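Q: Starting off with a structure, shown below.
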Amino acid sequence: MPKINEPDRPRTRIQQRNRDLILEAALEVFSNNGFRGSTLDQISNQAGLSKPNLLYYFASKDAIHEELLSGLMDTWLDPLRTLNPDGESIPELLAYVERKLEMSRLYPRESRLFANEIVQGAPRMLDALKGDLKNLVDEKVIIIRDWSAQGKIADVHPYHLLFSIWSLTQHYADFDVQVRAVLGDEEPFDQAPAYLRDVFVKILTP
């Protein structure tokens, strides 16, 4: 019997609902336990579906994980895509920092899913990292180098600038428990935007 998610067979509303339930449950399980620490039983229990029902939609744990990652990569690249070469250099870069921090606030589970995959050597994402991500970063590095050459921003290493933006913004999602344990009652995202803005203004100002 063919799988219901084959492209030539449209899904019913119930079928789409069940797929969404499975992916939402898998996101929760994978982000908490990592790929290796997660099981189909955990995902089916989280989704409120039987394991045979889950396997009707996805053939394996790998298939679910790959489905999540494929959608995540496109979402992850969007904030960098909007960096506008015709905009004001420092405001454009600060807006990128803000967008990345906002993604950590809104999508902490997705961030941890991504981080877990990278820590494991990106076995399911390496092609995308070397392809779509690398190509987009190279494109934006040209813009940053041009801004530096024109004296619009400080003479910074463009790749390491982007690495620092990623690390400082994604830290709030990937290490959420640690951040909140140290801050206590303070909400991390109350002060983080202003702090990161000040940091990068100092780095970027010629």
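We name chains A, B, ... following the order of the structure tokens; residues begin at 1 in each chain, and ligands are numbered from 1 as shown.
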If we count only C-alpha atoms, what is near Leu68 of chain A at a cut-off of 12 Å, once residues fewer than 4 positions away on the same chain are taken out, given as a PDB file with C-alpha atoms, in the first residue's frame?
A:
ATOM      1  CA  ARG A  19       1.161  14.778  10.316  1.00  0.00           C
ATOM      2  CA  ASP A  20       1.228  18.151  12.058  1.00  0.00           C
ATOM      3  CA  ILE A  22       3.547  14.084  14.781  1.00  0.00           C
ATOM      4  CA  LEU A  23       5.931  16.835  13.696  1.00  0.00           C
ATOM      5  CA  GLU A  24       5.003  19.032  16.663  1.00  0.00           C
ATOM      6  CA  ALA A  25       5.498  16.109  19.049  1.00  0.00           C
ATOM      7  CA  ALA A  26       8.796  15.173  17.402  1.00  0.00           C
ATOM      8  CA  LEU A  27      10.050  18.738  17.706  1.00  0.00           C
ATOM      9  CA  GLU A  28       9.387  18.620  21.438  1.00  0.00           C
ATOM     10  CA  VAL A  29      11.007  15.219  21.882  1.00  0.00           C
ATOM     11  CA  PHE A  30      14.049  15.832  19.660  1.00  0.00           C
ATOM     12  CA  SER A  31      14.753  19.279  21.120  1.00  0.00           C
ATOM     13  CA  PHE A  35      18.146  12.517  17.978  1.00  0.00           C
ATOM     14  CA  PHE A  58       6.485   8.397   8.525  1.00  0.00           C
ATOM     15  CA  LYS A  61      12.500   8.236  13.212  1.00  0.00           C
ATOM     16  CA  ASP A  62      15.005   9.417  10.607  1.00  0.00           C
ATOM     17  CA  ALA A  63      12.197  10.370   8.230  1.00  0.00           C
ATOM     18  CA  ILE A  64      10.520  12.533  10.870  1.00  0.00           C
ATOM     19  CA  LEU A  72      14.002  24.425   9.644  1.00  0.00           C
ATOM     20  CA  MET A  73      16.880  25.270   7.313  1.00  0.00           C
ATOM     21  CA  ASP A  74      14.723  27.523   5.161  1.00  0.00           C
ATOM     22  CA  THR A  75      13.368  29.299   8.233  1.00  0.00           C
ATOM     23  CA  ARG A 109      12.977  24.206  20.330  1.00  0.00           C
ATOM     24  CA  GLU A 110      13.888  24.648  16.672  1.00  0.00           C
ATOM     25  CA  SER A 111      17.166  26.262  17.695  1.00  0.00           C
ATOM     26  CA  LEU A 113      17.081  20.862  17.257  1.00  0.00           C
ATOM     27  CA  PHE A 114      19.489  22.625  14.908  1.00  0.00           C
ATOM     28  CA  GLU A 117      22.281  18.228  14.732  1.00  0.00           C
ATOM     29  CA  ARG A 124      21.548  14.901   7.989  1.00  0.00           C
ATOM     30  CA  MET A 125      22.285  18.546   7.161  1.00  0.00           C
TER      31      MET A 125
END
Q: I'd like the neighbourhood of Gly151 of chain A as a ChimeraX atom specification, where a residue qualifies if any of its atoms comes within 10 Å (using only C-alpha atoms), though same-chain residues fewer than 4 positions away should be ignored.
A: /A:145-147,155,205-206
Q: Please return, as a PyMOL selection string, all residues of segment 56-176 of chain A that DSSP assigns to alpha helix (DSSP H) on the basis of the backbone.
A: chain A and resi 56-57+61-81+89-106+108-119+126-128+134-149+158-174+176
Q: Go ahead and write the residues just picked, C-alpha atoms, as a short mmCIF file (atom, residue, chain, number, x, y, z; two decimals), in the first residue's frame.
A:
data_model
loop_
_atom_site.label_atom_id
_atom_site.label_comp_id
_atom_site.auth_asym_id
_atom_site.auth_seq_id
_atom_site.Cartn_x
_atom_site.Cartn_y
_atom_site.Cartn_z
CA TYR A 56 1.62 5.09 8.56
CA TYR A 57 2.74 8.70 8.04
CA LYS A 61 12.50 8.24 13.21
CA ASP A 62 15.01 9.42 10.61
CA ALA A 63 12.20 10.37 8.23
CA ILE A 64 10.52 12.53 10.87
CA HIS A 65 13.81 14.16 11.83
CA GLU A 66 14.70 14.92 8.22
CA GLU A 67 11.27 16.45 7.62
CA LEU A 68 11.76 18.80 10.57
CA LEU A 69 15.27 19.76 9.51
CA SER A 70 14.30 20.45 5.90
CA GLY A 71 11.71 22.99 7.00
CA LEU A 72 14.00 24.42 9.64
CA MET A 73 16.88 25.27 7.31
CA ASP A 74 14.72 27.52 5.16
CA THR A 75 13.37 29.30 8.23
CA TRP A 76 16.87 29.67 9.65
CA LEU A 77 18.17 31.37 6.51
CA ASP A 78 15.37 33.92 6.22
CA PRO A 79 16.81 36.55 8.63
CA LEU A 80 20.09 36.67 6.71
CA ARG A 81 18.36 36.79 3.33
CA SER A 89 25.11 49.34 6.93
CA ILE A 90 25.05 49.40 10.74
CA PRO A 91 21.23 49.55 11.03
CA GLU A 92 21.00 46.62 8.58
CA LEU A 93 23.39 44.51 10.65
CA LEU A 94 21.72 45.48 13.93
CA ALA A 95 18.35 44.52 12.45
CA TYR A 96 19.82 41.13 11.57
CA VAL A 97 20.98 40.70 15.18
CA GLU A 98 17.47 41.58 16.37
CA ARG A 99 15.86 39.11 13.97
CA LYS A 100 18.18 36.31 15.12
CA LEU A 101 17.49 37.07 18.77
CA GLU A 102 13.76 37.14 18.10
CA MET A 103 14.03 33.71 16.49
CA SER A 104 15.65 32.42 19.68
CA ARG A 105 12.77 33.85 21.67
CA LEU A 106 10.03 32.49 19.42
CA PRO A 108 13.80 27.84 21.10
CA ARG A 109 12.98 24.21 20.33
CA GLU A 110 13.89 24.65 16.67
CA SER A 111 17.17 26.26 17.69
CA ARG A 112 18.03 23.35 19.98
CA LEU A 113 17.08 20.86 17.26
CA PHE A 114 19.49 22.63 14.91
CA ALA A 115 22.23 22.81 17.55
CA ASN A 116 21.90 19.10 18.38
CA GLU A 117 22.28 18.23 14.73
CA ILE A 118 25.42 20.36 14.38
CA VAL A 119 26.99 18.96 17.57
CA LEU A 126 25.85 18.67 5.92
CA ASP A 127 24.85 19.05 2.27
CA ALA A 128 22.55 21.96 3.15
CA LYS A 134 27.44 28.49 2.55
CA ASN A 135 26.18 30.17 -0.63
CA LEU A 136 24.01 32.66 1.27
CA VAL A 137 26.77 33.49 3.76
CA ASP A 138 29.28 34.03 0.94
CA GLU A 139 26.81 36.36 -0.77
CA LYS A 140 26.32 38.46 2.38
CA VAL A 141 30.04 38.47 3.19
CA ILE A 142 30.62 40.36 -0.07
CA ILE A 143 28.21 43.04 1.17
CA ILE A 144 29.89 43.29 4.57
CA ARG A 145 33.34 43.52 2.98
CA ASP A 146 32.09 46.26 0.67
CA TRP A 147 30.72 48.23 3.64
CA SER A 148 34.08 47.87 5.39
CA ALA A 149 36.00 48.97 2.28
CA PRO A 158 32.89 39.17 7.97
CA TYR A 159 32.65 35.44 8.62
CA HIS A 160 33.61 35.78 12.25
CA LEU A 161 31.20 38.68 12.61
CA LEU A 162 28.39 36.38 11.50
CA PHE A 163 29.63 33.60 13.77
CA SER A 164 29.55 35.98 16.72
CA ILE A 165 26.01 37.09 15.88
CA TRP A 166 24.88 33.48 15.68
CA SER A 167 26.53 32.47 18.94
CA LEU A 168 25.38 35.47 20.97
CA THR A 169 21.78 35.27 19.81
CA GLN A 170 21.26 31.50 19.68
CA HIS A 171 22.80 31.09 23.13
CA TYR A 172 19.54 32.35 24.66
CA ALA A 173 17.66 29.41 23.14
CA ASP A 174 20.25 26.66 23.21
CA ASP A 176 17.93 28.63 28.04
#
Q: Go through A:Lys51, A:Arg17, A:His157, A:Lys152 and flag the residue nearest Pro85 of chain A, using only C-alpha atoms for the distances.
A: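 Closest to Pro85 of chain A, using only C-alpha atoms: A:Lys152.
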